[in-house]
$ cat my_file15.cif   # mmCIF, C-alpha atoms
data_protein
loop_
_atom_site.label_atom_id
_atom_site.label_comp_id
_atom_site.auth_asym_id
_atom_site.auth_seq_id
_atom_site.Cartn_x
_atom_site.Cartn_y
_atom_site.Cartn_z
CA MET A 17 22.75 13.90 -36.72
CA LEU A 18 21.71 15.05 -33.24
CA ILE A 19 19.56 12.06 -32.28
CA ASP A 20 20.28 8.55 -33.45
CA LEU A 21 16.95 6.79 -33.07
CA GLY A 22 18.32 3.54 -34.42
CA SER A 23 20.94 3.07 -31.73
CA ASP A 24 20.96 -0.07 -29.65
CA ALA A 25 20.87 1.91 -26.39
CA VAL A 26 17.61 3.67 -27.30
CA ASP A 27 16.07 0.42 -28.51
CA ALA A 28 17.06 -1.34 -25.29
CA VAL A 29 15.61 1.41 -23.09
CA ILE A 30 12.30 1.49 -24.99
CA LEU A 31 12.03 -2.29 -24.91
CA ASN A 32 12.77 -2.40 -21.19
CA MET A 33 10.20 0.34 -20.50
CA ALA A 34 7.57 -1.82 -22.19
CA VAL A 35 8.70 -4.95 -20.31
CA PHE A 36 8.68 -3.07 -16.99
CA ALA A 37 5.15 -1.76 -17.55
CA ALA A 38 3.92 -5.18 -18.69
CA LEU A 39 5.42 -6.88 -15.63
CA ILE A 40 3.66 -4.43 -13.34
CA SER A 41 0.42 -5.13 -15.18
CA TYR A 42 0.85 -8.91 -14.91
CA ILE A 43 1.67 -8.71 -11.21
CA LEU A 44 -1.39 -6.56 -10.51
CA VAL A 45 -3.64 -8.91 -12.50
CA MET A 46 -2.39 -11.92 -10.54
CA LEU A 47 -2.77 -10.15 -7.20
CA SER A 48 -6.28 -9.07 -8.22
CA TYR A 49 -7.10 -12.67 -9.10
CA ILE A 50 -5.98 -13.82 -5.65
CA LYS A 51 -7.98 -11.08 -3.91
CA LEU A 52 -11.11 -11.90 -5.93
CA LYS A 53 -10.79 -15.61 -5.18
CA PHE A 54 -10.76 -14.82 -1.45
CA SER A 55 -13.35 -12.03 -1.42
CA CYS A 56 -15.88 -13.68 -3.80
CA PRO A 57 -15.17 -17.42 -3.87
CA ASN A 58 -18.63 -18.38 -5.18
CA LEU A 59 -18.72 -15.86 -8.02
CA PRO A 60 -19.43 -17.67 -11.32
CA ARG A 61 -16.49 -17.35 -13.70
CA PRO A 62 -16.41 -18.13 -17.42
CA TYR A 63 -12.85 -19.45 -17.09
CA GLU A 64 -11.14 -21.17 -14.18
CA SER A 65 -7.37 -21.01 -13.93
CA PRO A 66 -5.95 -24.56 -13.90
CA LEU A 67 -3.28 -23.59 -11.34
CA GLY A 68 -5.56 -21.42 -9.20
CA ILE A 69 -4.19 -19.34 -6.37
CA PHE A 70 -0.92 -21.29 -6.34
CA GLY A 71 -0.23 -20.39 -9.97
CA ALA A 72 -1.12 -16.73 -9.43
CA SER A 73 1.12 -16.58 -6.35
CA LEU A 74 4.00 -18.21 -8.20
CA GLY A 75 3.48 -15.90 -11.16
CA SER A 76 3.47 -12.85 -8.88
CA ILE A 77 6.69 -13.93 -7.19
CA LEU A 78 8.40 -14.57 -10.54
CA GLY A 79 7.10 -11.25 -11.89
CA ILE A 80 8.47 -9.37 -8.89
CA PHE A 81 11.81 -11.17 -9.30
CA ALA A 82 11.91 -10.20 -13.00
CA LEU A 83 10.98 -6.61 -12.12
CA ILE A 84 13.87 -6.38 -9.68
CA ALA A 85 16.25 -8.11 -12.12
CA CYS A 86 15.43 -5.54 -14.83
CA TYR A 87 16.60 -2.74 -12.58
CA PHE A 88 20.09 -4.20 -12.12
CA ILE A 89 21.05 -3.65 -15.76
CA PRO A 90 22.57 -0.14 -15.79
CA ALA A 91 21.59 0.62 -19.39
CA TYR A 92 17.91 0.01 -18.56
CA GLN A 93 17.72 2.14 -15.41
CA PRO A 94 16.81 5.46 -17.10
CA GLY A 95 13.88 3.85 -18.90
CA ILE A 96 12.70 2.12 -15.75
CA ARG A 97 12.87 5.37 -13.80
CA GLY A 98 10.94 7.13 -16.55
CA ILE A 99 8.11 4.60 -16.71
CA ALA A 100 8.01 4.43 -12.89
CA ILE A 101 7.50 8.20 -12.74
CA VAL A 102 4.70 8.00 -15.32
CA LEU A 103 2.97 5.13 -13.49
CA ILE A 104 3.25 6.88 -10.11
CA ALA A 105 1.86 10.11 -11.60
CA ALA A 106 -1.04 8.18 -13.19
CA THR A 107 -1.78 6.47 -9.86
CA PHE A 108 -1.86 9.79 -8.01
CA TYR A 109 -4.10 11.26 -10.72
CA PHE A 110 -6.54 8.37 -10.36
CA PHE A 111 -6.70 8.48 -6.56
CA PHE A 112 -6.90 12.25 -6.19
CA CYS A 113 -8.72 13.43 -9.34
CA SER A 114 -10.74 10.82 -11.20
CA ARG A 115 -11.51 8.11 -8.66
CA ASN A 116 -14.87 9.58 -7.69
CA ARG A 117 -15.84 10.46 -11.25
CA LEU A 118 -16.03 7.08 -12.95
CA VAL A 119 -17.90 6.99 -16.25
CA ALA A 120 -20.19 4.04 -16.92
CA GLN A 121 -20.28 3.47 -20.67
CA ALA A 122 -21.48 -0.11 -20.95
CA PRO A 123 -24.61 -1.61 -19.36
CA GLU A 124 -22.55 -4.08 -17.34
CA GLU A 125 -20.43 -1.24 -15.96
CA ALA A 126 -23.55 0.67 -14.95
CA ALA A 127 -24.92 -2.45 -13.25
CA ALA A 128 -21.65 -3.05 -11.44
CA LEU A 129 -21.49 0.56 -10.25
CA LYS A 130 -25.20 0.81 -9.36
CA ASN A 131 -24.72 -0.04 -5.69
CA SER A 132 -21.28 1.52 -5.54
CA LYS A 133 -20.23 4.57 -3.53
CA PHE A 134 -18.91 6.18 -6.72
CA LYS A 135 -20.89 8.69 -8.76
CA ILE A 136 -21.96 7.49 -12.19
CA TYR A 137 -21.75 9.89 -15.12
CA PRO A 138 -23.56 8.67 -18.27
#

$ encode --input "my_file15.cif" --output "structure tokens"
Amino acid sequence: MLIDLGSDAVDAVILNMAVFAALISYILVMLSYIKLKFSCPNLPRPYESPLGIFGASLGSILGIFALIACYFIPAYQPGIRGIAIVLIAATFYFFFCSRNRLVAQAPEEAAALKNSKFKIYP
């Protein structure tokens, strides 16, 4: 058989790719929470985090530590490099191609983008 899809090495790389992407997502969510708390402190929120900015800061620091720790396992490095390339390419695509062409599909998105500098395509 040319490709053994059931091998432990392939499973470990795929699992670590998912963990790496999820950690990046969690870190960005926590940093966004902190930014929103500073930029719009009086914005009504349906849920308040019990730990607030301290919890988001601690979570970001732990997430960054876990992100770095994942890279020091040699078997996981190819998967991390692969997902990093995909995420960097997606970021460049957003900033250079689709950033100014946001599509408002829901009424709340249209309302949020109404006074925005971005074009709205129905």

$ residues_around --input "my_file15.cif" --residues "stretch 57-74 of chain A" --least-positions-apart "5" --cutoff "12 Å" --atoms "all atoms listed in the file" --output "PyMOL selection string"
chain A and resi 42-52+79-81

$ axis_aligned_box --input "my_file15.cif" --around "stretch 82-97 of chain A" --padding-each-side "5 Å" --output "AutoDock Vina command-line options"
--center_x 16.8 --center_y -2.4 --center_z -14.5 --size_x 21.6 --size_y 25.7 --size_z 19.7

$ resolve_selection --input "my_file15.cif" --expression "the PyMOL selection byres ((chain A and resi 83) around 12)" --output "ChimeraX atom specification"
/A:32-43,75-82,84-89,92-93,96,100

$ atom_distance --input "my_file15.cif" --atom1 "atom CA of A:Phe111" --atom2 "atom CA of A:Ser55"
22.2 Å

$ atom_distance --input "my_file15.cif" --atom1 "atom CA of A:Phe112" --atom2 "atom CA of A:Cys56"
27.5 Å

$ atom_distance --input "my_file15.cif" --atom1 "atom CA of A:Ile30" --atom2 "atom CA of A:Ile104"
18.2 Å
